[in-house]
Amino acid sequence: MKMHTMKTMKATAGKAMFGLLVSTALTLTASAASARDLTVGLPGTVVTLDPHMSATVFTDLNIASHLYSALVTRGPDLELAPDAAEEWTATADTTWRFQLHPGVTFPNGEALDAEAVKWNIERVLADETSARIKPWFELVDEVNVIDKTTVDIVTSAPYPALPDQLSMFFLLPPEWSAENDTNRMALGTGPYDLVEFQEGNFITLSAKEDYWGTAPEFEEVTFRFIPEESTRISALLAGEVDFVTSIPTSEIERTNQNEGTSGDAVASTRTMFLRFNSKVEPFQGNAMLRRAMNYAVDKNLIIDSLWDGYGEVARCQPLSEDYFGYNPDLEAHPYDPEQARSLMVEAGYPDGFDLELDVPIGRYLQGSEIGQIVAAQLTEIGVNVQITETEWSRWLDKLYNDGMSQATYYGLAWPTLDAGGVMAFFEDGNTQNYQDDPEFTSILQEANSSVDADERLALYKTATERMCESAPILFLFQQPYTYGISDEIEWSARGDDWARAMDMSVAGSAD
Amino acid sequence: MLRYITVRAAESLVALFGVSALVFVAARLSGDPAALMLPMGASAEQISALREELGLNKTIAEQFVIFVSNALQGDFGASFQYGRPAMSVVLEHLPATLQLAGAALLVGGILGAGIGILAAIYRGTLFETGLMTIALLGQAAPVFWVAVMLILVFAVNLGWLPTGGYGGIENLILPATALSVYVAASLARLARGSVLDVINAEYVRTAWAKGLSSRVVYVRHVVRGALIPIVTLFGIIAGELLGGSVVAETIFGWPGIGRVTIQAIEARDFAVVQASVMIIAAIFVGINFAIDLLYGVLDPRIRLTRKA
């Protein structure tokens with residue numbers, strides 16, 4: 001009896017002991033994990049750390065967002081959130097007032113105050129800076145310091161998307177920047193400090209000990225530049241990196257089958273389409289013909305066959321649902337070659353026509369293949385397509401200088417996630433405007449000049465409806481934003497090119 | 001000899017000037033950097049303002065005069081992307097390329113020449129067939145394929161070596177191996193052929209007849225006599241690799257001048273393109289010169305008959 005009790009006790013003690021061990025082990029793993037470092041494999045190379053000298057989100061600005069604060073930031077939910085500014089309001093049609101977080105200082109003691117904000121905006125606007133992001137702030141007339149933590153930005157015309165645009169505008173310390181190489185050094189108020197930057201190789205950051213905002217989870221973060229996609233995947237599979245972006249959809253399965261990693265895709269904010277040149281025959285003034293084209297392409301087939309089902313069909317607008325101004329009432333043109341053919345007859349082209357299609361290479365996800373599939377499908381309805389593939393920079397030159405062929409494969413995303421940014425490409429006067437639609441332009445301009453959200457939403461509803469009807473483009477789909485990730489890491493997936501350590505955490509950690 | 005060197009140096013300068021003029025014009029005809037640098041949708045005025053600020057609105061001839069006069073003072077212009085002198089951007093990436101090319105040339109050179117020479121000496125045997133099959137496979141396998149396979153086997157499956165990056169010896173092994181396969185395979189067949197060409201030559205028969213040991217015959221007479229074409233090809237390959245192997249550098253994320261140049265071309269970063277072409281051309285010229293000098297060492301007759 002006694003023995004029995006002893007045994008039971010032993011067993012119980014043993015179990016308890018085991019439980020204790022397990023829980024200790026778990027705690028140990030957990031604490032070890034939260035002190036874990038993070039390594040990200042980026043598809044491009046960072047060329048500059050100066051946040052005013054690059055407009056590229058997925059490389060340069062992405063890194064800058066770790067080192068510097070912006071006035072506002074766009075969280076993983078794609079909503080604007082406070083950063084250096086605690087709140088912001090439009091005090092007049094042309095004035096935005098920002099209330100800064102008090103007491104934020106750069107590591108060298110300079111204050112991130114209203115004067116510093118003013119200096120930063122003026123730096124971007126100054127001719128001698130040749131700032132690459134200057135076009136974003138062309139409407140800014142003056143910056144007024146109201147007091148230490150209050151700053152007014154006055155624009156020459158209403159600029160409703162200014163706060164959105166400011167989420168990509170990072171703030172440098174004025175005095176330090178005047179004396180140091182801002183391209184290769186960094187001193188910011190962001191959650192991370194620069195440790196080492198080796199061009200073409202990697203950049204290492206470490207978390208600030210006394211960060212004034214929410215402290216990030218990872219102590220040390222390394223971004224490795226891995227231009228080749230197969231190497232990026234290999235680095236993930238080999239456990240060298242925890243997170244990679246821009247992998248082919250066909251490789252997602254492979255990352256899932258590998259133990260310890262997985263892959264997925266989210267719809268990106270980039271809508272792909274064929275842009276028609278409505279300033280030349282046969283599309284000039286022929287909305288019927290442009291609509292006919294829209295019925296001729298099987299968007300789902302392309303998504304399924306090329307992208308393994310990742311990607312979303314665009315709903316008759318160049319916007320994804322993440323955009324302010326997205327019109328949920330519109331529907332995509334169904335795939336209906338019969339309808340396409342009969343519209344072609346009505347549009348005056350019963351025997352089809354010859355079409356020159358430009359396709360930029362090396363820029364869009366499987367652009368070449370998509371160009372060919374679209375061409376083959378258009379051939380079905382009697383359009384004889386001839387594809388010209390062009391290297392990106394050459395293609396851009398043609399596009400900017402009125403040299404576009406009758407149509408081109410093209411995609412648009414606008415980082416402010418405001419319809420105004422995307423729609424501006426279809427306005428009269430835009431360098432890439434290939435249509436004449438003054439009425440459409442006036443709707444857009446009205447929307448751009450109002451700071452009343454409801455009014456703007458109503459105007460964009462009208463604009464998107466009109467665009468769907470007049471079909472200046474062949475609406476296709478949102479390109480998927482693909483990524484592969486270690487099972488030890490969690491990421492709030494977002495499709496707008498930002499891959500930030502702040503949006504990542506150790507899997508299973510409490511937050 | 002001094003006269004020869006002077007003439008060669010002058011020729012080289014003319015070549016460098018010609019190359020840089022050609023690249024200067026071709027780059028500027030190929031696209032507008034201002035449009036690429038600004039965010040999409042920038043207005044025509046904004047683009048032309050940036051062009052003005054970058055000095056790109058002048059005619060190509062004017063720009064070239066400015067470039068040449070600055071270049072003569074050692075200033076090759078500032079990079080649009082990196083915001084600092086283009087030459088320093090290129091020179092900073094040169095050590096990575098030198099390291100990779102050096103390792104690949106050393107390993108590949110010894111391996112390739114060795115395989116070729118052995119194959120010739122053991123001609124007609126199964127050993128030769130084996131060696132030449134390996135060489136043929138090496139030549140048939142493109143660098144990118146070898147590179148990807150090496151990564152899959154040694155980095156992903158075995159986990160012995162990193163998939164890429166630059167820094168330690170462990171980062172160097174895979175890219176250097178991938179490139180040395182290419183070097184060795186290219187050299188092996190030529191080496192075998194040129195050894196076979198001399199192996200039956202009369203002076204070799206004489207050497208045998210004199211009763212020299214086979215080691216002396218092979219090393220001093222056969223191999224030395226066969227070296228000229230091998231050295232020539234090796235020089236061409238060396239120039240190619242030292243100019244930056246774009247494929248290997250891209251796959252392994254190796255920060256050498258090949259990648260910097262390609263990236264600069266894509267971004268129309270003219271100053272960097274110009275500076276790197278200058279460096280690559282100078283390397284080519286230098287290697288050619290070194291090989292010319294080497295000919296004289298290998299075959300004294302060349303030095304005597306050359307009238308330069």
# chains A, B, ... in the order shown; residues from 1 in each chain; ligands from 1
$ interface_residues --of "chain A" --to "chain B" --cutoff "7 Å" --atoms "only C-alpha atoms" --output "mmCIF file with C-alpha atoms, in the first residue's frame"
data_model
loop_
_atom_site.group_PDB
_atom_site.id
_atom_site.type_symbol
_atom_site.label_atom_id
_atom_site.label_comp_id
_atom_site.auth_asym_id
_atom_site.auth_seq_id
_atom_site.Cartn_x
_atom_site.Cartn_y
_atom_site.Cartn_z
ATOM 1 C CA VAL A 47 21.026 52.002 -53.983
ATOM 2 C CA THR A 48 20.450 54.851 -51.579
ATOM 3 C CA ALA A 55 10.668 56.638 -55.288
ATOM 4 C CA SER A 130 16.920 67.063 -57.494
ATOM 5 C CA ARG A 132 13.204 62.039 -56.981
ATOM 6 C CA ILE A 133 10.017 62.311 -54.952
ATOM 7 C CA PRO A 135 6.590 65.317 -58.102
ATOM 8 C CA ASN A 183 23.054 58.082 -49.384
ATOM 9 C CA GLY A 200 24.696 44.874 -53.534
ATOM 10 C CA ASN A 201 25.080 42.491 -50.607
ATOM 11 C CA PHE A 225 19.716 41.532 -51.780
ATOM 12 C CA ILE A 226 19.033 38.424 -53.842
ATOM 13 C CA PRO A 227 18.163 39.441 -57.395
ATOM 14 C CA GLU A 228 17.629 35.940 -58.784
ATOM 15 C CA THR A 231 18.245 31.770 -55.373
ATOM 16 C CA SER A 234 16.744 28.388 -52.227
ATOM 17 C CA ALA A 235 17.827 30.770 -49.476
ATOM 18 C CA LEU A 237 14.423 26.588 -48.198
ATOM 19 C CA ALA A 238 17.946 26.403 -46.807
ATOM 20 C CA SER A 393 13.243 51.905 -70.099
ATOM 21 C CA ARG A 394 12.798 51.989 -73.883
ATOM 22 C CA ASP A 397 10.387 56.407 -73.367
ATOM 23 C CA PHE A 425 -3.015 58.558 -65.838
ATOM 24 C CA ASN A 430 -1.044 63.538 -68.439
ATOM 25 C CA THR A 431 2.140 62.470 -70.239
#
$ residues_around --residues "B:Ile283" --least-positions-apart "5" --cutoff "10 Å" --atoms "only C-alpha atoms" --output "compact mmCIF listing (two decimals) with N, CA and C atoms, in the first residue's frame"
# COMPACT_ATOMS: atom_id res chain seq x y z
N ALA B 238 39.83 35.30 -69.24
CA ALA B 238 40.15 36.13 -68.08
C ALA B 238 39.51 37.51 -68.25
N GLY B 239 39.63 38.06 -69.45
CA GLY B 239 39.04 39.37 -69.71
C GLY B 239 37.53 39.33 -69.50
N GLU B 240 36.95 38.26 -69.99
CA GLU B 240 35.50 38.07 -69.85
C GLU B 240 35.10 38.05 -68.37
N LEU B 242 36.87 38.98 -65.68
CA LEU B 242 37.25 40.16 -64.90
C LEU B 242 36.32 41.33 -65.20
N GLY B 243 35.66 41.28 -66.34
CA GLY B 243 34.66 42.31 -66.64
C GLY B 243 33.38 42.05 -65.87
N VAL B 277 32.42 50.57 -68.04
CA VAL B 277 32.92 50.16 -69.35
C VAL B 277 34.39 50.53 -69.49
N MET B 278 34.72 51.69 -68.94
CA MET B 278 36.11 52.14 -68.97
C MET B 278 37.01 51.13 -68.26
N ASN B 288 45.40 41.80 -72.73
CA ASN B 288 45.96 41.57 -74.06
C ASN B 288 47.44 41.91 -74.10
N PHE B 289 47.74 43.01 -73.45
CA PHE B 289 49.12 43.46 -73.40
C PHE B 289 49.99 42.44 -72.67
$ atom_distance --atom1 "atom CA of B:Ile60" --atom2 "atom CA of B:Phe284"
26.7 Å
$ select_by_dssp --residues "stretch 162-262 of chain A" --states "strand (DSSP E or B)" --output "list in words"
Phe170, Tyr192, Asp193, Leu194, Val195, Glu196, Phe197, Gln198, Phe202, Ile203, Thr204, Leu205, Ser206, Ala207, Glu220, Val221, Thr222, Phe223, Arg224, Phe225, Phe243, Val244, Thr245, Thr261 and Ser262 of chain A
$ write_last_selection --atoms "N, CA and C atoms" --output "mmCIF file, in the first residue's frame"
data_model
loop_
_atom_site.group_PDB
_atom_site.id
_atom_site.type_symbol
_atom_site.label_atom_id
_atom_site.label_comp_id
_atom_site.auth_asym_id
_atom_site.auth_seq_id
_atom_site.Cartn_x
_atom_site.Cartn_y
_atom_site.Cartn_z
ATOM 1 N N PHE A 170 9.858 60.407 -45.622
ATOM 2 C CA PHE A 170 10.571 60.151 -44.375
ATOM 3 C C PHE A 170 11.425 61.354 -43.989
ATOM 4 N N TYR A 192 14.532 51.372 -36.048
ATOM 5 C CA TYR A 192 15.825 50.698 -36.194
ATOM 6 C C TYR A 192 16.945 51.687 -36.505
ATOM 7 N N ASP A 193 18.156 51.316 -36.080
ATOM 8 C CA ASP A 193 19.358 52.054 -36.446
ATOM 9 C C ASP A 193 20.142 51.255 -37.474
ATOM 10 N N LEU A 194 20.890 51.979 -38.283
ATOM 11 C CA LEU A 194 21.718 51.319 -39.282
ATOM 12 C C LEU A 194 22.963 50.731 -38.627
ATOM 13 N N VAL A 195 23.247 49.472 -38.924
ATOM 14 C CA VAL A 195 24.473 48.868 -38.422
ATOM 15 C C VAL A 195 25.497 48.794 -39.542
ATOM 16 N N GLU A 196 25.113 48.169 -40.648
ATOM 17 C CA GLU A 196 26.048 48.043 -41.756
ATOM 18 C C GLU A 196 25.303 47.975 -43.077
ATOM 19 N N PHE A 197 25.830 48.658 -44.071
ATOM 20 C CA PHE A 197 25.224 48.650 -45.401
ATOM 21 C C PHE A 197 26.316 48.295 -46.403
ATOM 22 N N GLN A 198 26.226 47.117 -46.983
ATOM 23 C CA GLN A 198 27.163 46.721 -48.032
ATOM 24 C C GLN A 198 26.399 46.684 -49.344
ATOM 25 N N PHE A 202 24.120 43.274 -48.514
ATOM 26 C CA PHE A 202 23.115 43.246 -47.443
ATOM 27 C C PHE A 202 23.091 44.564 -46.691
ATOM 28 N N ILE A 203 22.078 44.719 -45.872
ATOM 29 C CA ILE A 203 22.024 45.847 -44.950
ATOM 30 C C ILE A 203 21.533 45.296 -43.613
ATOM 31 N N THR A 204 22.203 45.685 -42.546
ATOM 32 C CA THR A 204 21.819 45.191 -41.230
ATOM 33 C C THR A 204 21.363 46.343 -40.346
ATOM 34 N N LEU A 205 20.275 46.100 -39.622
ATOM 35 C CA LEU A 205 19.701 47.114 -38.752
ATOM 36 C C LEU A 205 19.574 46.533 -37.349
ATOM 37 N N SER A 206 19.627 47.400 -36.357
ATOM 38 C CA SER A 206 19.346 46.891 -35.011
ATOM 39 C C SER A 206 18.319 47.790 -34.334
ATOM 40 N N ALA A 207 17.477 47.190 -33.515
ATOM 41 C CA ALA A 207 16.372 47.925 -32.903
ATOM 42 C C ALA A 207 16.906 48.968 -31.932
ATOM 43 N N GLU A 220 17.541 42.348 -34.275
ATOM 44 C CA GLU A 220 18.412 42.622 -35.403
ATOM 45 C C GLU A 220 17.724 42.152 -36.686
ATOM 46 N N VAL A 221 17.767 42.969 -37.693
ATOM 47 C CA VAL A 221 17.129 42.632 -38.963
ATOM 48 C C VAL A 221 18.142 42.802 -40.080
ATOM 49 N N THR A 222 18.240 41.788 -40.934
ATOM 50 C CA THR A 222 19.139 41.883 -42.080
ATOM 51 C C THR A 222 18.322 41.740 -43.357
ATOM 52 N N PHE A 223 18.539 42.642 -44.263
ATOM 53 C CA PHE A 223 17.934 42.513 -45.593
ATOM 54 C C PHE A 223 19.039 42.097 -46.542
ATOM 55 N N ARG A 224 18.884 40.937 -47.142
ATOM 56 C CA ARG A 224 19.856 40.503 -48.147
ATOM 57 C C ARG A 224 19.299 40.784 -49.527
ATOM 58 N N PHE A 225 20.164 41.234 -50.423
ATOM 59 C CA PHE A 225 19.716 41.532 -51.780
ATOM 60 C C PHE A 225 19.972 40.311 -52.645
ATOM 61 N N PHE A 243 12.160 35.273 -44.893
ATOM 62 C CA PHE A 243 11.059 35.843 -45.662
ATOM 63 C C PHE A 243 11.594 36.299 -47.009
ATOM 64 N N VAL A 244 10.903 35.937 -48.065
ATOM 65 C CA VAL A 244 11.266 36.439 -49.400
ATOM 66 C C VAL A 244 10.006 36.887 -50.122
ATOM 67 N N THR A 245 10.165 37.829 -51.017
ATOM 68 C CA THR A 245 9.021 38.262 -51.817
ATOM 69 C C THR A 245 9.313 37.989 -53.281
ATOM 70 N N THR A 261 8.708 25.838 -44.075
ATOM 71 C CA THR A 261 8.421 27.066 -44.826
ATOM 72 C C THR A 261 7.058 26.952 -45.495
ATOM 73 N N SER A 262 6.528 28.073 -45.867
ATOM 74 C CA SER A 262 5.309 28.044 -46.661
ATOM 75 C C SER A 262 5.296 29.271 -47.571
#
$ residues_around --residues "stretch 472-480 of chain A" --least-positions-apart "2" --cutoff "8 Å" --atoms "only C-alpha atoms" --output "PyMOL selection string"
chain A and resi 265-278+287+290-291+293-294+299+310-318+320+332+365+435+467+470+482+495
$ residues_around --residues "A:Asp308" --least-positions-apart "2" --cutoff "10 Å" --atoms "only C-alpha atoms" --output "count of residues only"
14
$ residues_around --residues "B:Tyr203" --least-positions-apart "4" --cutoff "12 Å" --atoms "only C-alpha atoms" --output "VMD selection string"
chain B and resid 198 to 199 207 to 210 217 to 218 220 to 222 225
$ residues_around --residues "B:Leu233" --least-positions-apart "6" --cutoff "12 Å" --atoms "only C-alpha atoms" --output "PyMOL selection string"
chain B and resi 105+109+112-113+183-191+194+227+239-240+287-288+291
$ atom_distance --atom1 "atom CA of A:Tyr211" --atom2 "atom CA of A:Ala501"
14.7 Å
$ select_by_dssp --residues "stretch 20-207 of chain B" --states "alpha helix (DSSP H)" --output "ChimeraX atom specification"
/B:20-29,33-37,44-53,60-72,86-121,126-140,143-150,169-199,202-207
$ residues_around --residues "A:Ala458" --least-positions-apart "2" --cutoff "12 Å" --atoms "only C-alpha atoms" --output "list in words"
Phe324, Gly325, Tyr326, Asn327, Ala419, Ile443, Leu444, Glu446, Ala447, Ser450, Asp452, Ala453, Asp454, Glu455, Arg456, Tyr460, Lys461, Thr462, Ala463, Thr464 and Glu465 of chain A
$ write_last_selection --atoms "N, CA and C atoms" --output "CSV table (one decimal), in the first residue's frame"
chain,number,residue,atom,x,y,z
A,324,PHE,N,-9.2,53.9,-52.0
A,324,PHE,CA,-10.2,54.8,-51.8
A,324,PHE,C,-10.8,55.1,-53.2
A,325,GLY,N,-12.1,55.0,-53.4
A,325,GLY,CA,-12.7,55.3,-54.7
A,325,GLY,C,-13.0,54.0,-55.5
A,326,TYR,N,-12.7,52.8,-54.9
A,326,TYR,CA,-13.0,51.6,-55.5
A,326,TYR,C,-14.5,51.5,-55.6
A,327,ASN,N,-15.0,51.0,-56.8
A,327,ASN,CA,-16.5,51.0,-57.0
A,327,ASN,C,-16.9,49.5,-56.9
A,419,ALA,N,-7.8,56.6,-55.4
A,419,ALA,CA,-8.1,56.4,-56.8
A,419,ALA,C,-7.6,57.6,-57.7
A,443,ILE,N,-14.5,65.4,-64.3
A,443,ILE,CA,-15.0,64.7,-63.1
A,443,ILE,C,-13.8,64.4,-62.2
A,444,LEU,N,-12.7,63.9,-62.8
A,444,LEU,CA,-11.5,63.6,-62.0
A,444,LEU,C,-11.0,64.9,-61.3
A,446,GLU,N,-12.6,67.5,-60.5
A,446,GLU,CA,-13.5,67.9,-59.4
A,446,GLU,C,-13.2,67.0,-58.2
A,447,ALA,N,-13.0,65.7,-58.4
A,447,ALA,CA,-12.8,64.8,-57.3
A,447,ALA,C,-11.4,65.2,-56.6
A,450,SER,N,-11.5,68.3,-54.1
A,450,SER,CA,-12.4,68.4,-52.9
A,450,SER,C,-11.7,67.6,-51.8
A,452,ASP,N,-13.7,66.7,-49.3
A,452,ASP,CA,-14.8,66.0,-48.6
A,452,ASP,C,-14.9,64.6,-49.1
A,453,ALA,N,-14.6,63.6,-48.2
A,453,ALA,CA,-14.5,62.2,-48.6
A,453,ALA,C,-15.7,61.7,-49.3
A,454,ASP,N,-16.9,62.0,-48.8
A,454,ASP,CA,-18.1,61.5,-49.4
A,454,ASP,C,-18.3,62.0,-50.8
A,455,GLU,N,-18.0,63.3,-51.0
A,455,GLU,CA,-18.2,63.9,-52.3
A,455,GLU,C,-17.2,63.2,-53.3
A,456,ARG,N,-16.0,63.0,-52.8
A,456,ARG,CA,-15.0,62.4,-53.7
A,456,ARG,C,-15.4,61.0,-54.1
A,460,TYR,N,-15.8,59.6,-57.8
A,460,TYR,CA,-15.0,58.5,-58.3
A,460,TYR,C,-16.0,57.4,-58.8
A,461,LYS,N,-17.1,57.3,-58.1
A,461,LYS,CA,-18.1,56.3,-58.6
A,461,LYS,C,-18.6,56.6,-60.0
A,462,THR,N,-18.8,57.9,-60.2
A,462,THR,CA,-19.2,58.3,-61.6
A,462,THR,C,-18.1,58.1,-62.5
A,463,ALA,N,-16.9,58.4,-62.1
A,463,ALA,CA,-15.7,58.3,-63.0
A,463,ALA,C,-15.4,56.8,-63.4
A,464,THR,N,-15.5,55.9,-62.4
A,464,THR,CA,-15.2,54.5,-62.7
A,464,THR,C,-16.3,53.9,-63.6
A,465,GLU,N,-17.6,54.4,-63.3
A,465,GLU,CA,-18.6,53.9,-64.2
A,465,GLU,C,-18.4,54.3,-65.6
$ closest_residue --among "A:Arg494, A:Arg123, A:Arg97, A:Arg184" --to "A:Val145" --atoms "only C-alpha atoms"
A:Arg97
$ closest_residue --among "B:Leu212, B:Val297, B:Ile169, B:Ile237" --to "B:Arg224" --atoms "only C-alpha atoms"
B:Val297
